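Asks: To start, I am sharing the structure in question, which I have written as structure tokens.
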Amino acid sequence: MNELHPNPSSHRARPRFSALALTLLVGLVACESAPEKLSVEKRMDLQRQTFVLPKAEQLPQWKKWATDKKTDEDLRSEALIQLGLLDDPDAISIATAALESPSHKIRGVCAQVLAHFGPKAASAIPALQKALKEANESDRRQIVWSLVEAGDQSAFNAAIEAYKAGDLTHVERLAGGVAFDPMRLATLVSVDELATKFEDSSPAVRQLVATVLSEKADARYTDKLIKLVQDSELSVAREAASGLGKIGDEKATTPLLEALRKADPDSRQKFLEALRDGIGGVGLVLALDTVVTDKEERNWFQLKQLFEILHILGDPRIGDKLVAWVERSTPHPHWKAEAGIALAEIGDVRGAKYIAERLNVAPEEIYQKEKIWQSDKGGHLLRGDEQRTVAGRMLADLAAMHPDKAKELRELAEGPVLKWSTDRKQPSANALRFLAGVKSDKALPDLRKWAFPDTKLPLEGAQPPLPMEFETAHGALRYVGMTKDESSKAKLLEQFERKKDKKMDITQEGLMGSGLALLGMVLRGLAVGAAEGVAEWGPELAKESVDKLLEFAEDKTWHEDARERACSTVGWIGDDAAIKKAMEKFGKYSTSKDAKDQVIAACFAVTLSRRPQSAALPPLVDALDSKVEVGVRNYIARAIGVTGLKGATTETEKLFKKLEDPELRNYAALALIMGGDADVASRAVAAYGKPDSQTALEDLKNIYFNAYGYWSDKDVENGNLYRWVENAEALRRVKINDAPQEWARELLKRQFDNLTFNNGPHSETKPVLLNRLYKAAKTGDAATKANAVRTLKFIGTGAIGVTGAQGVLMALKVEQGETGALASRAFQELMNPATAGAEQVKNIQTTKDTRGRE
């Protein structure tokens, strides 16, 4: 056979064999390169096993999955995300390499990770540019935004087109929330070049120009902003409004005020929101001059609208402008007082003058029944005294913020506060707090009378109501202690001896059905008030009181609340020797099987949480035992959390071991979440990833929320508050059943919103805390500034009746240097928050009973 001309049949067979071989070869290559496909259950189990590891052990596993092309696509995506969230520097090179993946899902995740690192990921620009050429609808916008964050100027046109199409406003940050920031896009070109587009045919581009020019607020752009504030698109006009307000000269403000006056109610609301978010409180004060004056009802509504926003915003910069408005416009006494309250909320002592004027005026003197618009959520303002109640609270907060200005505050408001207090059937607790805070000698006679009433104690068997004198005495005892009035010292300490029958049982259980309820609650209130008074007096009273308080705490016939306050006071005022005694007593009672002894142990755990001692950690951790009463475990866990676990490797390991005991799991977890660092806290929550742990997780949420029912100025000073915020944020990285654990952040944020009332010695209200954080962000060291800004972002934007941190961040972002940079980034994230965790806490009771708190 001629080999050059093979058999025709053989010739036909070869192509079939070659095609089959090629098909098999391609199939073999595909099998070798195709990612493994895991079941959802298997993938989540692998993730759970990784989340419970220490960070140092997690990273190699996440890197292995992120770099292995055969890894399940969803698992590889999660690994890339985790490396980014852990801020591992290798994430940049790993994500850059993974852009070569044929999977658009993987490419989108890589772009998201690289965007998280911003300019640090500039080395990835060539790979991102290549990926953009091959992108589809699923990953294009994320890649474009990653190029913007990396600083690729050549991406500007692509970014503008994506912005026009509305794509960029849907790009998410790695940690959640909208990533788009117009100022980042503006860094790719000069402001002058961008300003030339102020008449662009696209409303989106004009809005971008208005936003950027408003942020720069340069008078050179006034004419363009005036043109933009008159734009037919409201979204454009309202962005330009804030820029004109910032520039602030007559040429700029005249068209702004005119636009506000002409706006219909809905448009006006949107303009005000733009001023709030663009310029802050100063813009809102400027808008006060646009309120109508010819129609009283509409005037009232517009002023109410503006002051509600001002209260929510809490912008520290409004002082001068708001005072000028009050002095210039002579508003109705109600609005003058609202201005005073707004000033007090930001720590401006000038507000005390306006508040004091309002305290001198009864509701019936300034409100009329027929004017139905003079109302709030509680109904017509004639029906109560809500404004003066809030005003008194804000005066007390001012005294707490500015102890160095006690004399000035006393001169401004002492007389009106005292008159308001004596005119009432019962003085406001916050009025007493103010008078004591400014060291009012004039108030001392009344304060003594309220603290030590001549009224006889109720007899056994007496029925409600509780005599008003004793209701008043509870708070007055605390504040007479704050004055450090020598003539009251002996009487203050005598309150612990008011129960003459040593065998009378007025514990919570003892009051049930014994005819002692009224007498027992009066005695409880007097002892609680006295303990708080001693705490307010401070260490100067320790010599006369500490041994008495320690003995009182061990008296099993006294009410538990009174004994707990006594233990708390020992923590506040005791020296090292006193704390050592409390530690020894905790050790003694915590090992007892007697339930009443365990209550005493819980009491001394409170002492240790007020004055944390690293030496107390070993006995506290050992005492967390299943033999201990459930309620006592809470106290122990919180004491551990307040003390902190830094450097306590042995105790941390013991607590992780206790997670394996179903009876101790939640209390050990609470101690780890509160006391550990972000890594420890995350691992503790990850332990709940097993299918049989969901009920326990719901219980943990309740315990976690209630653990933050009280925090103090010391928790800010020693860094506890910063640690708790950082840990709550860190838990969001942990996924259980593919759901990020948002609940801790949601619950802790709600506790911040509960800081309306001062609830004990060393506690802080929200305005006082915000003032402290504002100062820390401006004057602290680098770590303190970062922590303060992070906490302000965490606190959030506020709501009606709840001052937020937005205004403080806006004030900080115009600061020079590190503070301004931190606050600018935080503000952008604050205004584009990640998904809230409300769904994960829908079964948790987070509303506090505030009756009687004023």
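The chains in the structure tokens are called A, B, ... from first to last as shown; in each chain the residues are counted from 1, and the ligands are counted from 1 in the order shown.
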List the spatial neighbours of Asp231 in chain A as a PyMOL selection string - criterion: any atom at most 10 Å away, only C-alpha atoms, same-chain residues fewer than 4 positions off excluded.

Replies: chain A and resi 199+203+206-207+225-227+235-238+240

Asks: Next, write the just-selected residues to a file, as a PDB file, in the first residue's frame, keeping C-alpha atoms as the atom set.

Replies:
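selection_30.pdb was written with the following content:
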```pdb
ATOM      1  CA  GLU A 199     -24.381  73.216  31.898  1.00  0.00           C
ATOM      2  CA  PRO A 203     -28.747  66.130  35.141  1.00  0.00           C
ATOM      3  CA  ARG A 206     -24.775  68.787  36.710  1.00  0.00           C
ATOM      4  CA  GLN A 207     -25.566  67.261  40.108  1.00  0.00           C
ATOM      5  CA  LEU A 225     -23.599  77.690  41.783  1.00  0.00           C
ATOM      6  CA  ILE A 226     -26.232  80.424  41.389  1.00  0.00           C
ATOM      7  CA  LYS A 227     -27.026  78.996  37.965  1.00  0.00           C
ATOM      8  CA  SER A 235     -31.594  67.170  42.832  1.00  0.00           C
ATOM      9  CA  VAL A 236     -29.160  69.601  41.186  1.00  0.00           C
ATOM     10  CA  ALA A 237     -30.528  72.725  42.853  1.00  0.00           C
ATOM     11  CA  ARG A 238     -30.423  71.344  46.365  1.00  0.00           C
ATOM     12  CA  ALA A 240     -25.860  73.782  44.851  1.00  0.00           C
TER      13      ALA A 240
END
```

Asks: Could you give me, as a list in words, the residues within 9 Å of Gln495 in chain A, counting only C-alpha atoms and dropping anything in the same chain fewer than 2 positions from it?

Replies: Lys491, Leu492, Leu493, Glu497, Arg498, Lys499, Leu523, Leu526, Ala527, Gly529, Ala530 and Ala531 of chain A

Asks: So that I can check the secondary structure, give me every residue of range 157-248 of chain A assigned alpha helix (DSSP H) by backbone DSSP, as a PyMOL selection string.

Replies: chain A and resi 157-164+182-186+191-195+203-216+222-229+234-247

Asks: Would you compute the distance between CA of Trp572 in chain A and CA of Lys714 in chain A? Give it in Å to one decimal.

Replies: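 Computing it gives 9.9 Å between the two atoms.
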
Asks: Could you pull the residues within 10 Å of Leu700 in chain A, counting only C-alpha atoms, minus those fewer than 3 positions along the same chain, as a ChimeraX atom specification?

Replies: /A:665-667,669-670,685,688,694-697,703-706,744

Asks: Write out as a short mmCIF file (atom, residue, chain, number, x, y, z; two decimals) with N, CA, C and O atoms, in the first residue's frame each polymer residue whose atoms come within 6 Å of Ala413 in chain A, counting only C-alpha atoms; drop sequence neighbours fewer than 3 positions from it.

Replies:
```cif
data_model
loop_
_atom_site.label_atom_id
_atom_site.label_comp_id
_atom_site.auth_asym_id
_atom_site.auth_seq_id
_atom_site.Cartn_x
_atom_site.Cartn_y
_atom_site.Cartn_z
N ALA A 356 -32.96 79.67 80.94
CA ALA A 356 -33.35 80.26 82.22
C ALA A 356 -34.57 81.16 82.05
O ALA A 356 -35.49 81.15 82.89
N ARG A 410 -24.11 79.32 87.10
CA ARG A 410 -24.87 79.64 88.32
C ARG A 410 -25.47 81.05 88.21
O ARG A 410 -26.63 81.26 88.54
N PRO A 416 -33.74 81.02 88.36
CA PRO A 416 -34.88 80.41 87.67
C PRO A 416 -35.04 78.92 87.95
O PRO A 416 -36.16 78.43 88.08
#
```

Asks: From the options A:Leu147, A:Leu83, A:Leu418, A:Val716, which residue's atoms come nearest to Gln58 in chain A, counting only C-alpha atoms?

Replies: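 Checking each of A:Leu147, A:Leu83, A:Leu418, A:Val716 against Gln58 in chain A, counting only C-alpha atoms, the winner is A:Leu83.
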
Asks: Quick one: of A:Asp88, A:Glu509, A:Asp715, A:Asp547, who's nearest to His559 in chain A, counting only C-alpha atoms?

Replies: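 That would be A:Glu509, the residue with the smallest distance to His559 in chain A.
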